Every structure is written in structure tokens, then in C-alpha cells.
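A short worksheet on the structure shown next.
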Amino acid sequence: MTIETFEDLIPRIHATAYVADSALVLGDVEIGADSSLWPMTVARGDIHRIRIGARSNIQDGSVLHVTHAGEHAPGGFALEVGDGVTVGHRVILHGCSLEDHCLVGMGSIVMDGARVCRGAMLGAGSLVSPGKVLEGGYLWLGSPARRVRPLTEREQAYLEYSAAYYVALARRHAGQAGAK
């Protein structure tokens, strides 16, 4: 794994977190207990903070970034990922908030100031426009993302299952030589 400081910003990675060798963690990034960043993932907290809670997984090729505070974005936009969150392959998260126990499908983009609420599921390839709030308990799809229907009991259970599965898988990977 590549861990880089930027100026005086030092990543903080919990001892039980797994970060793949090919992932990059840079700057003001905090990764919680039992969370995982998979191959080719970039978490670049050089101009604002990134916080990833416990038991969350950020899958292969995802890009996590933020927006600096300035004239066009007073206060900027940090990136907050809650606990038990699943982020699929090749997702872009930019200055947004993902609450606990939600899922962002493969290839999706979530933009500045958007919020994916607890228990929401965002389908693959979706676009969440700046400032949009996705209510929990629903499946959201499309570009721009729109509410499609309530989640089934099986889908709600999958949110918990997915997070737990990736905690276990990360532990298996961490047991391999050269892994953290």
C-alpha cells in the first residue's frame, strides 16, 4: 500500500483495517476498524478530510476525493463514509456523505454535498447530483438517480451481509504475505 503525507496531513489507519498493496491513501484520511480499501483505490485527502467508519469496504478502482474551501464552495466538501457501508467497484465519491449501512453500486458517481442516507441502496452506474439526498429504505437508480421502490426485506438484509462479508474477506487477505 502507498501511504503518503501531504504537508502536515498524515493518514490514520486503524490497526484492523485492510488496505491493498496497490491502493493509495494520501493526506487527511482516517480509516476505521475492520474497514477495507481494495486494489487500485485512491483516497486523496489533500485539500479536505476523508473519514471512513468501521466495517466499511471501498472496492477496486474507486476514487475518493474532496472539494477545497473557497469562493465557489464556502467551507468546501469533506467526504464522510459511515459504518457498515459497501462501495462497489469503480465508484467515484466526491465530497459527499454516505450514512451507515448503505450500498453504492458499481460505477456510480456521488457528487459534492450529496447524501446517501442510512439503509439506502444506489444501483450500479447511477449518478447522484450535487446536494441531492437519497432517502433510506429505497432503491435508487439512474442518471440522475431517482427513487424506484422500497427495498425488500432481502435487500435490507443484504446491506448488513455485504459489510460483514467484506470484513471477513479482508481478514483473509490480511493474512497473506505483504498485506496489512
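Within each chain, counting starts at residue 1; across the C-alpha cells, chains are named A, B, ... in the order shown, with ligands numbered 1 upward in that order.
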Would you tabulate, counting only C-alpha atoms, all residues of stretch 37-146 of chain A that have an atom at most 8 Å from an atom of stretch 150-160 of chain A, showing the closest pair of atoms and their distance in Å to one decimal, sorted by chain then ascending number, as a tab-separated table?
```
residue	atom	partner	partner_atom	distance
A:Gly84	CA	A:Glu160	CA	6.9
A:Val85	CA	A:Leu159	CA	7.7
A:Thr86	CA	A:Leu159	CA	7.6
A:His101	CA	A:Leu159	CA	5.9
A:Cys102	CA	A:Leu159	CA	6.3
A:Leu103	CA	A:Leu159	CA	6.5
A:Gly119	CA	A:Gln156	CA	7.1
A:Met121	CA	A:Leu151	CA	7.9
A:Gly137	CA	A:Leu151	CA	5.6
A:Tyr138	CA	A:Pro150	CA	4.2
A:Leu139	CA	A:Leu151	CA	5.8
```
Exercise. Taking the backbone alone, and naming residues the way the document does, which bits of stretch 78-178 of chain A are strand (DSSP E) by DSSP, as a PyMOL selection string?
Worked result: chain A and resi 79-81+86-87+92-94+97-98+103-104+109-110+115-116+121-122+127-128+133-134+138-141+146-150
For this session: Give me the residues within 7 Å of A:Ala17 as a count of residues only, counting only C-alpha atoms and dropping any in the same chain fewer than 6 places off.
Result: 6
For this session: Could you give me, as an NGL selection string, the residues within 9 Å of A:Met40, counting only C-alpha atoms and dropping anything in the same chain fewer than 5 positions from it?
Result: :A and (20-24 or 59-63)
Exercise. How would you write, as a PyMOL selection string, the set of residues in chain A that DSSP gives as alpha helix (DSSP H)?
Worked result: chain A and resi 153-174
Dump of N, CA and C atoms for the selected residues, as a compact mmCIF listing (two decimals), in the first residue's frame:
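again_19.txt was written with the following content:
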```
# COMPACT_ATOMS: atom_id res chain seq x y z
N GLU A 153 -37.20 -6.94 2.11
CA GLU A 153 -36.53 -7.40 3.34
C GLU A 153 -35.20 -8.06 3.00
N ARG A 154 -35.16 -8.81 1.91
CA ARG A 154 -33.94 -9.48 1.49
C ARG A 154 -32.84 -8.46 1.15
N GLU A 155 -33.20 -7.39 0.44
CA GLU A 155 -32.23 -6.35 0.10
C GLU A 155 -31.73 -5.62 1.35
N GLN A 156 -32.64 -5.37 2.29
CA GLN A 156 -32.23 -4.72 3.54
C GLN A 156 -31.24 -5.61 4.29
N ALA A 157 -31.51 -6.91 4.32
CA ALA A 157 -30.60 -7.84 4.99
C ALA A 157 -29.25 -7.89 4.27
N TYR A 158 -29.27 -7.72 2.94
CA TYR A 158 -28.03 -7.76 2.16
C TYR A 158 -27.08 -6.62 2.55
N LEU A 159 -27.62 -5.48 2.93
CA LEU A 159 -26.76 -4.36 3.33
C LEU A 159 -25.86 -4.77 4.49
N GLU A 160 -26.42 -5.46 5.47
CA GLU A 160 -25.64 -5.94 6.62
C GLU A 160 -24.70 -7.07 6.20
N TYR A 161 -25.23 -7.99 5.39
CA TYR A 161 -24.44 -9.14 4.94
C TYR A 161 -23.19 -8.69 4.19
N SER A 162 -23.35 -7.76 3.26
CA SER A 162 -22.24 -7.32 2.41
C SER A 162 -21.10 -6.75 3.25
N ALA A 163 -21.45 -5.90 4.20
CA ALA A 163 -20.42 -5.31 5.06
C ALA A 163 -19.70 -6.41 5.85
N ALA A 164 -20.45 -7.35 6.43
CA ALA A 164 -19.84 -8.43 7.22
C ALA A 164 -18.97 -9.33 6.35
N TYR A 165 -19.43 -9.61 5.13
CA TYR A 165 -18.66 -10.46 4.22
C TYR A 165 -17.31 -9.82 3.92
N TYR A 166 -17.29 -8.53 3.65
CA TYR A 166 -16.03 -7.86 3.32
C TYR A 166 -15.09 -7.73 4.52
N VAL A 167 -15.64 -7.66 5.72
CA VAL A 167 -14.76 -7.70 6.90
C VAL A 167 -14.03 -9.04 6.94
N ALA A 168 -14.78 -10.12 6.73
CA ALA A 168 -14.17 -11.46 6.75
C ALA A 168 -13.18 -11.65 5.60
N LEU A 169 -13.53 -11.18 4.42
CA LEU A 169 -12.63 -11.31 3.27
C LEU A 169 -11.35 -10.51 3.48
N ALA A 170 -11.47 -9.33 4.03
CA ALA A 170 -10.28 -8.51 4.30
C ALA A 170 -9.35 -9.21 5.28
N ARG A 171 -9.93 -9.86 6.28
CA ARG A 171 -9.09 -10.60 7.24
C ARG A 171 -8.33 -11.72 6.53
N ARG A 172 -8.98 -12.38 5.58
CA ARG A 172 -8.29 -13.44 4.82
C ARG A 172 -7.14 -12.85 4.01
N HIS A 173 -7.37 -11.72 3.36
CA HIS A 173 -6.32 -11.07 2.58
C HIS A 173 -5.19 -10.57 3.46
N ALA A 174 -5.54 -10.05 4.62
CA ALA A 174 -4.51 -9.53 5.53
C ALA A 174 -3.58 -10.64 6.01
```
Exercise. Using only C-alpha atoms, which of the listed residues (A:Val116, A:Val19, A:Ala78, A:Val25) sits closest to A:His48?
Worked result: A:Ala78
Problem set entry | Atomic separation - atom CA of A:Thr2 relative to atom CA of A:Thr41, Å |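 Those two atoms sit 10.5 Å apart.
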Within 12 Å of A:Ala73, counting only C-alpha atoms, which residues qualify if same-chain residues fewer than 3 places away don't, as a compact mmCIF listing (two decimals) with all heavy atoms, in the first residue's frame?
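For reference, result-v2.txt as written:
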```txt
# COMPACT_ATOMS: atom_id res chain seq x y z
N HIS A 48 -9.07 18.52 1.77
CA HIS A 48 -10.14 18.42 2.78
C HIS A 48 -10.06 17.02 3.36
O HIS A 48 -9.28 16.20 2.90
CB HIS A 48 -11.51 18.70 2.16
CG HIS A 48 -12.47 19.42 3.08
ND1 HIS A 48 -12.67 19.03 4.40
CD2 HIS A 48 -13.29 20.48 2.87
CE1 HIS A 48 -13.58 19.84 4.94
NE2 HIS A 48 -13.96 20.74 4.05
N VAL A 66 -12.31 15.14 -2.49
CA VAL A 66 -13.00 16.19 -1.74
C VAL A 66 -12.91 17.50 -2.51
O VAL A 66 -12.21 17.59 -3.52
CB VAL A 66 -12.34 16.33 -0.35
CG1 VAL A 66 -12.62 15.11 0.50
CG2 VAL A 66 -10.83 16.52 -0.48
N THR A 67 -13.59 18.53 -1.99
CA THR A 67 -13.52 19.87 -2.58
C THR A 67 -13.00 20.85 -1.54
O THR A 67 -13.46 20.86 -0.40
CB THR A 67 -14.91 20.32 -3.08
OG1 THR A 67 -15.33 19.42 -4.10
CG2 THR A 67 -14.89 21.73 -3.63
N HIS A 68 -12.04 21.66 -1.94
CA HIS A 68 -11.44 22.63 -1.02
C HIS A 68 -12.42 23.76 -0.72
O HIS A 68 -13.33 24.05 -1.50
CB HIS A 68 -10.14 23.19 -1.60
CG HIS A 68 -10.36 24.09 -2.77
ND1 HIS A 68 -10.62 23.62 -4.05
CD2 HIS A 68 -10.39 25.45 -2.86
CE1 HIS A 68 -10.77 24.65 -4.87
NE2 HIS A 68 -10.64 25.76 -4.17
N ALA A 69 -12.21 24.40 0.42
CA ALA A 69 -12.98 25.57 0.79
C ALA A 69 -12.49 26.74 -0.06
O ALA A 69 -11.29 26.96 -0.19
CB ALA A 69 -12.80 25.88 2.27
N GLY A 70 -13.41 27.45 -0.64
CA GLY A 70 -13.03 28.59 -1.47
C GLY A 70 -14.25 29.38 -1.90
O GLY A 70 -15.38 29.13 -1.47
N GLY A 76 -16.00 24.19 1.70
CA GLY A 76 -15.60 23.00 0.95
C GLY A 76 -16.53 21.83 1.21
O GLY A 76 -17.58 21.97 1.83
N PHE A 77 -16.13 20.67 0.72
CA PHE A 77 -16.90 19.46 0.92
C PHE A 77 -15.97 18.32 1.31
O PHE A 77 -15.15 17.88 0.51
CB PHE A 77 -17.66 19.07 -0.35
CG PHE A 77 -18.77 20.03 -0.71
CD1 PHE A 77 -18.56 21.02 -1.64
CD2 PHE A 77 -20.01 19.93 -0.09
CE1 PHE A 77 -19.57 21.92 -1.97
CE2 PHE A 77 -21.03 20.83 -0.41
CZ PHE A 77 -20.80 21.82 -1.35
N ALA A 78 -16.11 17.88 2.56
CA ALA A 78 -15.37 16.71 3.04
C ALA A 78 -16.09 15.46 2.54
O ALA A 78 -17.22 15.54 2.04
CB ALA A 78 -15.32 16.71 4.56
N GLY A 95 -16.66 14.49 -2.13
CA GLY A 95 -17.18 15.49 -1.20
C GLY A 95 -18.62 15.23 -0.79
O GLY A 95 -19.41 16.16 -0.65
N ASP A 112 -20.51 16.33 -4.85
CA ASP A 112 -20.40 17.25 -3.72
C ASP A 112 -21.73 17.54 -3.03
O ASP A 112 -22.72 17.88 -3.68
CB ASP A 112 -19.82 18.59 -4.18
CG ASP A 112 -18.34 18.53 -4.50
OD1 ASP A 112 -17.72 17.47 -4.33
OD2 ASP A 112 -17.81 19.58 -4.93
N GLY A 113 -21.70 17.41 -1.71
CA GLY A 113 -22.85 17.77 -0.90
C GLY A 113 -24.00 16.79 -0.95
O GLY A 113 -25.00 16.98 -0.25
N PRO A 130 -25.02 16.98 -7.27
CA PRO A 130 -24.62 17.75 -6.09
C PRO A 130 -25.83 18.12 -5.21
O PRO A 130 -26.86 18.58 -5.72
CB PRO A 130 -23.96 18.99 -6.67
CG PRO A 130 -23.45 18.54 -8.00
CD PRO A 130 -24.49 17.58 -8.51
```
